[in-house]
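A.B. asks: Structure below; questions to follow.
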Amino acid sequence: MTDAPHPGGVTEIGEFEVARVGYGAMQLDPESASTKDAFALLRRAVELGVNHIDTASFYSYGEVNRRIRAALAPYGDDLVIVSKVGAKSVTGGVIPLAAAQRPAELRAAVEADLTQLGLDRIHVVNLRRLELGPGLEAVGDQIVDLDDQLAEMIALRDEGKIGAIGISSVPLETVRRAFPAGIVCVQNAYSVLNRAQEDLLEFCVAEGIAWVPFFPLGSSFPGFPKVADDPTVRAIAADLGVTPSQIGLAWLLAQASNTLLIPGTRSIAHLEENLGSDRIVLRADALARLDAVYDPSTDRLANGDGIEAFLDER
Ligand SMILES: NC(=O)c1ccc[n+]([C@@H]2O[C@H](COP(=O)([O-])OP(=O)(O)OC[C@H]3O[C@@H](n4cnc5c(N)ncnc54)[C@H](OP(=O)(O)O)[C@@H]3O)[C@@H](O)[C@H]2O)c1
């Protein structure tokens, strides 16, 4: 527990109140971070007011979850852990993954989360569909009807194993179909470099549910455009005397008050930087320059680089 103010202020994900700047734990797999460094980072995040941690049982066969438990349990009352189901580990790293979309596999993933995290209930679980890149594609018996998956998620919620249901990597029409199940958040790839999913942000604002962009900094994966490398982002960071990553995160926070950030890092210095992004005020001219980095009419970066290879990456 900590008395530190919640970075970014507080908003809701379902019935849970969380800091707008949280933490995505995907970078804490054993191939990327030592146990000692992972513990230190998780404890520092909580000490600095983070109370929203995003994870999955399929990060390194559950090792990231086990590290969260070892570092943070017994958990503070206000800590909200959000997981996702729909894939499974096939190596000790975080990729590659295999699809695990069938209802019984969704249930098994929630059971794994409960065991690995040492919880009676996972606060929020995202149904990670495979409708959008980057990542896996559903083939064969992994092409599962949304309603069958939602029935299982609702059953898990009715049994008290999950607190609320979110949805991830889906187009707007899927979110509309899923919404009556009580969807509390949408998690899609989105950043100042990649606004292809902006209609989802607008939907979340209109419905008053949380918008949780993943890859807020462009991801750790080689070949994906990085927010901190963009010339406009860098120029505005230099003008304001802050870092390019902070500008990318401040731009996301400025989009809408229902935006929750889950940047991933294995570095305490980067964590502290990211949590400081809420103190950056972007004036209208800076926001307009950042908005122009990506051209929604072409789905390309304004410098002509295509984003589609990134979006379609499988
Ligand atoms: N729903 C889904 O399908 C899905 C998919 C992917 C991810 N996620 C979630 O979203 C979270 C965020 O995505 P992500 O971690 O893949 O990508 P990300 O947050 O966009 O970027 C992470 C990368 O940025 C670097 N970074 C972080 N802070 C930095 C800073 N201040 N300065 C410079 N570099 C910085 C990290 O390197 P260092 O470690 O060196 O800081 C890492 O390489 C994940 O952790 C995961 O929880 C969800």
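Identifiers in the structure tokens: chain A, B, ... in order shown; residue index from 1 per chain; ligand index from 1 in order shown.
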Would you kindly return, as a PyMOL selection string, each protein, DNA or RNA residue with an atom no farther than 12 Å from any atom of Leu28 of chain A, considering only C-alpha atoms and excluding same-chain residues fewer than 2 positions away?
C.D. replies: chain A and resi 23-26+30-42+53-56+59-60+62-68+71+92-94+220+264-268
A.B. asks: Leaving out segment 150-156 of chain A and any residue of its chain fewer than 2 positions from it, which residues lie within 12 Å of it when counting only C-alpha atoms, given as a compact mmCIF listing (two decimals) with N, CA, C and O atoms, in the first residue's frame?
C.D. replies:
# COMPACT_ATOMS: atom_id res chain seq x y z
N LYS A 84 -5.76 -11.53 -19.68
CA LYS A 84 -6.40 -11.76 -20.98
C LYS A 84 -6.35 -13.24 -21.29
O LYS A 84 -5.42 -13.95 -20.83
N VAL A 85 -7.32 -13.71 -22.05
CA VAL A 85 -7.39 -15.11 -22.44
C VAL A 85 -7.60 -15.19 -23.95
O VAL A 85 -8.13 -14.25 -24.55
N GLY A 86 -7.16 -16.34 -24.54
CA GLY A 86 -7.31 -16.48 -25.99
C GLY A 86 -6.05 -16.98 -26.66
O GLY A 86 -6.04 -17.21 -27.86
N GLN A 101 -8.55 -20.31 -28.30
CA GLN A 101 -9.80 -19.54 -28.38
C GLN A 101 -11.04 -20.31 -27.95
O GLN A 101 -12.09 -19.71 -27.75
N ARG A 102 -10.93 -21.64 -27.85
CA ARG A 102 -12.14 -22.42 -27.58
C ARG A 102 -12.59 -22.17 -26.13
O ARG A 102 -11.76 -21.92 -25.24
N PRO A 103 -13.89 -22.23 -25.88
CA PRO A 103 -14.39 -21.90 -24.54
C PRO A 103 -13.66 -22.65 -23.42
O PRO A 103 -13.32 -22.04 -22.39
N ALA A 104 -13.37 -23.93 -23.61
CA ALA A 104 -12.68 -24.67 -22.54
C ALA A 104 -11.27 -24.11 -22.33
O ALA A 104 -10.75 -24.12 -21.20
N GLU A 105 -10.67 -23.60 -23.40
CA GLU A 105 -9.33 -23.01 -23.26
C GLU A 105 -9.39 -21.65 -22.56
O GLU A 105 -8.48 -21.30 -21.81
N LEU A 106 -10.48 -20.91 -22.80
CA LEU A 106 -10.64 -19.64 -22.09
C LEU A 106 -10.76 -19.91 -20.58
O LEU A 106 -10.13 -19.25 -19.76
N ARG A 107 -11.56 -20.92 -20.25
CA ARG A 107 -11.73 -21.28 -18.83
C ARG A 107 -10.40 -21.73 -18.22
O ARG A 107 -10.04 -21.33 -17.10
N ALA A 108 -9.67 -22.55 -18.96
CA ALA A 108 -8.39 -23.05 -18.43
C ALA A 108 -7.42 -21.89 -18.18
O ALA A 108 -6.66 -21.89 -17.20
N ALA A 109 -7.47 -20.88 -19.06
CA ALA A 109 -6.57 -19.73 -18.88
C ALA A 109 -6.95 -18.93 -17.64
O ALA A 109 -6.07 -18.47 -16.90
N VAL A 110 -8.25 -18.78 -17.39
CA VAL A 110 -8.66 -18.07 -16.17
C VAL A 110 -8.24 -18.86 -14.93
O VAL A 110 -7.73 -18.30 -13.95
N GLU A 111 -8.42 -20.18 -14.98
CA GLU A 111 -7.98 -21.02 -13.84
C GLU A 111 -6.47 -20.87 -13.61
O GLU A 111 -6.00 -20.80 -12.47
N LEU A 114 -5.79 -17.59 -11.90
CA LEU A 114 -6.15 -17.62 -10.48
C LEU A 114 -5.05 -18.30 -9.67
O LEU A 114 -4.64 -17.81 -8.61
N ASP A 120 -8.65 -15.18 -5.78
CA ASP A 120 -9.94 -15.89 -5.88
C ASP A 120 -10.72 -15.39 -7.08
O ASP A 120 -11.66 -16.04 -7.54
N ARG A 121 -10.35 -14.21 -7.54
CA ARG A 121 -11.08 -13.59 -8.66
C ARG A 121 -10.11 -12.67 -9.39
O ARG A 121 -9.36 -11.91 -8.75
N ILE A 122 -10.12 -12.76 -10.71
CA ILE A 122 -9.33 -11.81 -11.51
C ILE A 122 -10.26 -10.61 -11.76
O ILE A 122 -11.39 -10.78 -12.22
N HIS A 123 -9.76 -9.42 -11.46
CA HIS A 123 -10.65 -8.26 -11.51
C HIS A 123 -11.32 -8.10 -12.87
O HIS A 123 -12.54 -7.95 -12.96
N VAL A 124 -10.50 -8.08 -13.93
CA VAL A 124 -11.03 -7.94 -15.29
C VAL A 124 -10.25 -8.89 -16.19
O VAL A 124 -9.03 -9.01 -16.06
N VAL A 125 -10.95 -9.58 -17.08
CA VAL A 125 -10.27 -10.46 -18.05
C VAL A 125 -10.72 -10.06 -19.45
O VAL A 125 -11.92 -10.01 -19.74
N ASN A 126 -9.73 -9.77 -20.28
CA ASN A 126 -10.01 -9.44 -21.68
C ASN A 126 -10.10 -10.72 -22.51
O ASN A 126 -9.19 -11.57 -22.44
N LEU A 127 -11.16 -10.81 -23.28
CA LEU A 127 -11.25 -11.86 -24.29
C LEU A 127 -10.42 -11.39 -25.48
O LEU A 127 -10.80 -10.46 -26.19
N ARG A 128 -9.24 -12.01 -25.65
CA ARG A 128 -8.31 -11.59 -26.70
C ARG A 128 -8.68 -12.37 -27.95
O ARG A 128 -8.30 -13.54 -28.11
N ARG A 129 -9.46 -11.73 -28.82
CA ARG A 129 -9.82 -12.34 -30.10
C ARG A 129 -8.64 -12.22 -31.06
O ARG A 129 -7.66 -11.52 -30.77
N VAL A 144 -13.66 -19.46 -33.52
CA VAL A 144 -14.75 -19.74 -32.57
C VAL A 144 -15.73 -18.58 -32.60
O VAL A 144 -15.32 -17.40 -32.62
N ASP A 145 -17.00 -18.92 -32.58
CA ASP A 145 -18.03 -17.88 -32.59
C ASP A 145 -17.95 -17.02 -31.33
O ASP A 145 -17.79 -17.54 -30.21
N LEU A 146 -18.10 -15.74 -31.54
CA LEU A 146 -18.02 -14.80 -30.41
C LEU A 146 -19.03 -15.15 -29.31
O LEU A 146 -18.70 -15.11 -28.12
N ASP A 147 -20.24 -15.51 -29.70
CA ASP A 147 -21.27 -15.79 -28.69
C ASP A 147 -20.89 -16.98 -27.80
O ASP A 147 -21.18 -16.99 -26.60
N ASP A 148 -20.25 -17.98 -28.39
CA ASP A 148 -19.82 -19.14 -27.59
C ASP A 148 -18.75 -18.72 -26.57
O ASP A 148 -18.73 -19.20 -25.44
N ASP A 158 -20.26 -15.14 -13.59
CA ASP A 158 -21.33 -15.57 -12.68
C ASP A 158 -20.77 -16.42 -11.54
O ASP A 158 -21.27 -16.38 -10.41
N GLU A 159 -19.76 -17.20 -11.84
CA GLU A 159 -19.14 -18.05 -10.80
C GLU A 159 -18.21 -17.25 -9.89
O GLU A 159 -17.65 -17.80 -8.93
N GLY A 160 -18.00 -15.98 -10.20
CA GLY A 160 -17.14 -15.13 -9.37
C GLY A 160 -15.66 -15.28 -9.66
O GLY A 160 -14.83 -14.75 -8.91
N LYS A 161 -15.32 -15.99 -10.73
CA LYS A 161 -13.88 -16.18 -11.02
C LYS A 161 -13.28 -14.97 -11.72
O LYS A 161 -12.08 -14.75 -11.65
N ILE A 162 -14.11 -14.21 -12.40
CA ILE A 162 -13.65 -12.95 -12.96
C ILE A 162 -14.64 -11.86 -12.55
O ILE A 162 -15.84 -12.12 -12.39
N GLY A 163 -14.10 -10.65 -12.37
CA GLY A 163 -14.97 -9.56 -11.92
C GLY A 163 -15.71 -8.92 -13.08
O GLY A 163 -16.87 -8.51 -12.93
N ALA A 164 -15.04 -8.81 -14.22
CA ALA A 164 -15.65 -8.13 -15.36
C ALA A 164 -14.96 -8.60 -16.63
O ALA A 164 -13.85 -9.14 -16.59
N ILE A 165 -15.63 -8.34 -17.75
CA ILE A 165 -15.16 -8.83 -19.05
C ILE A 165 -14.74 -7.65 -19.91
O ILE A 165 -15.48 -6.67 -20.05
N GLY A 166 -13.55 -7.76 -20.51
CA GLY A 166 -13.12 -6.81 -21.53
C GLY A 166 -12.92 -7.56 -22.83
O GLY A 166 -13.06 -8.78 -22.90
N ILE A 167 -12.58 -6.81 -23.87
CA ILE A 167 -12.38 -7.45 -25.17
C ILE A 167 -11.19 -6.79 -25.86
O ILE A 167 -10.93 -5.61 -25.65
N THR A 174 -17.47 -6.04 -33.78
CA THR A 174 -17.39 -7.10 -32.76
C THR A 174 -17.67 -6.53 -31.37
O THR A 174 -18.36 -7.17 -30.56
N VAL A 175 -17.13 -5.35 -31.11
CA VAL A 175 -17.39 -4.75 -29.79
C VAL A 175 -18.89 -4.46 -29.63
O VAL A 175 -19.47 -4.70 -28.57
N ARG A 177 -21.31 -6.10 -30.96
CA ARG A 177 -21.99 -7.39 -30.71
C ARG A 177 -21.76 -7.86 -29.28
O ARG A 177 -22.65 -8.42 -28.64
N ALA A 178 -20.54 -7.65 -28.78
CA ALA A 178 -20.19 -8.16 -27.45
C ALA A 178 -20.74 -7.29 -26.33
O ALA A 178 -20.93 -7.77 -25.20
N PHE A 179 -21.00 -6.03 -26.63
CA PHE A 179 -21.28 -5.04 -25.59
C PHE A 179 -22.38 -5.46 -24.61
O PHE A 179 -22.25 -5.25 -23.39
N PRO A 180 -23.49 -6.06 -25.09
CA PRO A 180 -24.55 -6.44 -24.14
C PRO A 180 -24.09 -7.44 -23.07
O PRO A 180 -24.75 -7.58 -22.03
N ALA A 181 -22.96 -8.09 -23.27
CA ALA A 181 -22.44 -9.00 -22.24
C ALA A 181 -21.88 -8.24 -21.04
O ALA A 181 -21.51 -8.84 -20.03
N GLY A 182 -21.81 -6.90 -21.16
CA GLY A 182 -21.29 -6.10 -20.05
C GLY A 182 -19.81 -5.80 -20.18
O GLY A 182 -19.07 -5.84 -19.19
N ILE A 183 -19.38 -5.52 -21.40
CA ILE A 183 -17.97 -5.23 -21.65
C ILE A 183 -17.56 -3.94 -20.93
O ILE A 183 -18.25 -2.92 -21.06
A.B. asks: Here is a test: counting only C-alpha atoms, which residue of A:Ile280, A:Ile262, A:Ala70, A:Leu119 is nearest to Ala237 of chain A?
C.D. replies: A:Ile280
A.B. asks: Here is a test: counting only C-alpha atoms and all ligand atoms, which residue of A:Gly118, A:Gly9, A:Pro74, A:Gly218 is nearest to ligand 1?
C.D. replies: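 That would be A:Gly218, the residue with the smallest distance to ligand 1.
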A.B. asks: I'd like the interatomic distance between atom CA of Arg20 of chain A and atom CA of Leu72 of chain A, to a tenth of an Å.
C.D. replies: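 So the two atoms, atom CA of Arg20 of chain A and atom CA of Leu72 of chain A, lie 19.8 Å apart.
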A.B. asks: Kindly indicate which residue among A:Ser169, A:Ser57, A:Thr232, A:Gln116 lies nearest to ligand 1, using only C-alpha atoms and all ligand atoms for the distances.
C.D. replies: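 Selected residue with least distance to ligand 1: A:Ser169.
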A.B. asks: Kindly indicate which residue among A:Glu47, A:Glu131, A:Asp230, A:Glu137 lies nearest to Asn194 of chain A, using only C-alpha atoms for the distances.
C.D. replies: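 Looking at the shortest contact to Asn194 of chain A, the residue is A:Asp230.
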A.B. asks: Pick out the closest residue to ligand 1 from this set: A:Gly49, A:Pro171, A:Gly223, A:Gly135. Count only C-alpha atoms and all ligand atoms.
C.D. replies: A:Gly135
A.B. asks: Select, from A:Gln197, A:Ser191, A:Ser83, A:Ser219, the residue with the minimum atom-to-atom distance to Leu172 of chain A, counting only C-alpha atoms.
C.D. replies: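 Answer, going by the shortest atom-to-atom distance: A:Gln197.
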A.B. asks: Identify, on the basis of only C-alpha atoms, every residue whose closest approach to Ile209 of chain A does not exceed 9 Å; exclude the query and any residue fewer than 5 positions from it along the same chain; express the result as a list in words.
C.D. replies: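 Selected residues are Glu12, Ile13, Gly14, Ile183, Val184, Cys185, Val186, Phe203, Cys204 and Asn258 of chain A.
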A.B. asks: Give me, as a PyMOL selection string, the residues of segment 68-273 of chain A that a backbone DSSP run labels strand (DSSP E or B).
C.D. replies: chain A and resi 80-85+87-89+97-99+122-128+162-168+183-187+189+191+194+210-211+214+259+261+264
A.B. asks: Find the spatial neighbours of Ala284 of chain A, counting only C-alpha atoms, within a cut-off of 12 Å - ignore same-chain residues fewer than 3 positions away - and output them as a PDB file with all heavy atoms, in the first residue's frame.
C.D. replies:
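To be explicit, this is the file written out as selection_22.pdb:
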ATOM      1  N   TRP A 251       0.239  12.389 -25.112  1.00  0.00           N
ATOM      2  CA  TRP A 251      -0.721  12.519 -26.226  1.00  0.00           C
ATOM      3  C   TRP A 251      -1.884  11.537 -26.022  1.00  0.00           C
ATOM      4  O   TRP A 251      -3.052  11.899 -26.206  1.00  0.00           O
ATOM      5  CB  TRP A 251      -0.006  12.261 -27.556  1.00  0.00           C
ATOM      6  CG  TRP A 251      -0.927  12.323 -28.735  1.00  0.00           C
ATOM      7  CD1 TRP A 251      -1.295  13.433 -29.447  1.00  0.00           C
ATOM      8  CD2 TRP A 251      -1.632  11.217 -29.334  1.00  0.00           C
ATOM      9  NE1 TRP A 251      -2.186  13.087 -30.431  1.00  0.00           N
ATOM     10  CE2 TRP A 251      -2.409  11.739 -30.397  1.00  0.00           C
ATOM     11  CE3 TRP A 251      -1.682   9.840 -29.080  1.00  0.00           C
ATOM     12  CZ2 TRP A 251      -3.222  10.929 -31.202  1.00  0.00           C
ATOM     13  CZ3 TRP A 251      -2.500   9.042 -29.869  1.00  0.00           C
ATOM     14  CH2 TRP A 251      -3.250   9.590 -30.916  1.00  0.00           C
ATOM     15  N   ALA A 254      -4.215  12.709 -23.392  1.00  0.00           N
ATOM     16  CA  ALA A 254      -4.995  13.878 -23.818  1.00  0.00           C
ATOM     17  C   ALA A 254      -6.159  13.508 -24.740  1.00  0.00           C
ATOM     18  O   ALA A 254      -7.039  14.334 -24.993  1.00  0.00           O
ATOM     19  CB  ALA A 254      -4.076  14.878 -24.526  1.00  0.00           C
ATOM     20  N   GLN A 255      -6.177  12.271 -25.250  1.00  0.00           N
ATOM     21  CA  GLN A 255      -7.230  11.905 -26.209  1.00  0.00           C
ATOM     22  C   GLN A 255      -8.607  11.859 -25.556  1.00  0.00           C
ATOM     23  O   GLN A 255      -9.586  12.295 -26.134  1.00  0.00           O
ATOM     24  CB  GLN A 255      -6.944  10.534 -26.860  1.00  0.00           C
ATOM     25  CG  GLN A 255      -5.663  10.482 -27.672  1.00  0.00           C
ATOM     26  CD  GLN A 255      -5.585  11.619 -28.666  1.00  0.00           C
ATOM     27  OE1 GLN A 255      -6.380  11.693 -29.579  1.00  0.00           O
ATOM     28  NE2 GLN A 255      -4.639  12.521 -28.459  1.00  0.00           N
ATOM     29  N   VAL A 281       1.712  19.032 -20.057  1.00  0.00           N
ATOM     30  CA  VAL A 281       0.546  19.675 -20.673  1.00  0.00           C
ATOM     31  C   VAL A 281       0.891  19.957 -22.133  1.00  0.00           C
ATOM     32  O   VAL A 281       1.831  20.695 -22.424  1.00  0.00           O
ATOM     33  CB  VAL A 281       0.198  20.986 -19.942  1.00  0.00           C
ATOM     34  CG1 VAL A 281      -1.008  21.657 -20.602  1.00  0.00           C
ATOM     35  CG2 VAL A 281      -0.070  20.710 -18.467  1.00  0.00           C
ATOM     36  N   LEU A 287      -0.545  19.413 -29.877  1.00  0.00           N
ATOM     37  CA  LEU A 287      -1.479  18.308 -30.135  1.00  0.00           C
ATOM     38  C   LEU A 287      -1.781  18.210 -31.633  1.00  0.00           C
ATOM     39  O   LEU A 287      -1.829  17.113 -32.194  1.00  0.00           O
ATOM     40  CB  LEU A 287      -2.781  18.520 -29.353  1.00  0.00           C
ATOM     41  CG  LEU A 287      -2.706  18.190 -27.862  1.00  0.00           C
ATOM     42  CD1 LEU A 287      -3.971  18.650 -27.148  1.00  0.00           C
ATOM     43  CD2 LEU A 287      -2.489  16.688 -27.643  1.00  0.00           C
ATOM     44  N   ALA A 288      -1.943  19.361 -32.273  1.00  0.00           N
ATOM     45  CA  ALA A 288      -2.249  19.341 -33.710  1.00  0.00           C
ATOM     46  C   ALA A 288      -1.076  18.755 -34.496  1.00  0.00           C
ATOM     47  O   ALA A 288      -1.269  17.967 -35.436  1.00  0.00           O
ATOM     48  CB  ALA A 288      -2.566  20.755 -34.186  1.00  0.00           C
ATOM     49  N   ARG A 289       0.142  19.113 -34.110  1.00  0.00           N
ATOM     50  CA  ARG A 289       1.314  18.549 -34.813  1.00  0.00           C
ATOM     51  C   ARG A 289       1.389  17.032 -34.594  1.00  0.00           C
ATOM     52  O   ARG A 289       1.699  16.271 -35.509  1.00  0.00           O
ATOM     53  CB  ARG A 289       2.598  19.212 -34.320  1.00  0.00           C
ATOM     54  CG  ARG A 289       2.793  20.626 -34.862  1.00  0.00           C
ATOM     55  CD  ARG A 289       3.872  21.364 -34.100  1.00  0.00           C
ATOM     56  NE  ARG A 289       5.207  20.797 -34.292  1.00  0.00           N
ATOM     57  CZ  ARG A 289       6.229  21.042 -33.478  1.00  0.00           C
ATOM     58  NH1 ARG A 289       6.075  21.812 -32.408  1.00  0.00           N
ATOM     59  NH2 ARG A 289       7.414  20.502 -33.719  1.00  0.00           N
ATOM     60  N   LEU A 290       1.080  16.595 -33.381  1.00  0.00           N
ATOM     61  CA  LEU A 290       1.126  15.146 -33.098  1.00  0.00           C
ATOM     62  C   LEU A 290      -0.006  14.417 -33.826  1.00  0.00           C
ATOM     63  O   LEU A 290       0.189  13.316 -34.359  1.00  0.00           O
ATOM     64  CB  LEU A 290       1.041  14.909 -31.589  1.00  0.00           C
ATOM     65  CG  LEU A 290       2.298  15.342 -30.820  1.00  0.00           C
ATOM     66  CD1 LEU A 290       2.023  15.424 -29.327  1.00  0.00           C
ATOM     67  CD2 LEU A 290       3.463  14.395 -31.099  1.00  0.00           C
ATOM     68  N   ASP A 291      -1.173  15.051 -33.883  1.00  0.00           N
ATOM     69  CA  ASP A 291      -2.287  14.424 -34.604  1.00  0.00           C
ATOM     70  C   ASP A 291      -1.910  14.197 -36.073  1.00  0.00           C
ATOM     71  O   ASP A 291      -2.359  13.227 -36.693  1.00  0.00           O
ATOM     72  CB  ASP A 291      -3.542  15.311 -34.548  1.00  0.00           C
ATOM     73  CG  ASP A 291      -4.184  15.317 -33.171  1.00  0.00           C
ATOM     74  OD1 ASP A 291      -3.787  14.501 -32.322  1.00  0.00           O
ATOM     75  OD2 ASP A 291      -5.081  16.166 -32.949  1.00  0.00           O
TER      76      ASP A 291
END
A.B. asks: Report as a list of chain:residue names all protein, DNA and RNA residues lying within 7 Å of Leu132 of chain A, evaluated on only C-alpha atoms, omitting residues in the same chain fewer than 2 positions from it.
C.D. replies: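 Here the qualifying residues turn out to be A:Leu130, A:Pro134, A:Ser169, A:Val170.
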A.B. asks: Could the residues in this selection be written to a file with C-alpha atoms, as a CSV table (one decimal), in the first residue's frame?
C.D. replies:
chain,number,residue,atom,x,y,z
A,130,LEU,CA,-7.6,-12.9,-33.1
A,134,PRO,CA,-0.5,-7.9,-34.9
A,169,SER,CA,-8.0,-7.0,-30.8
A,170,VAL,CA,-11.4,-6.6,-32.3
A.B. asks: Report the residues of segment 170-277 of chain A whose backbone DSSP state falls under alpha helix (DSSP H), written as a VMD selection string.
C.D. replies: chain A and resid 172 to 178 198 to 207 231 to 240 244 to 255 268 to 275
A.B. asks: Write out as a PyMOL selection string each polymer residue whose atoms come within 12 Å of Lys226 of chain A, counting only C-alpha atoms; drop sequence neighbours fewer than 2 positions from it.
C.D. replies: chain A and resi 190-194+215-224+228-231+233-234+244-245+248+301+307+310
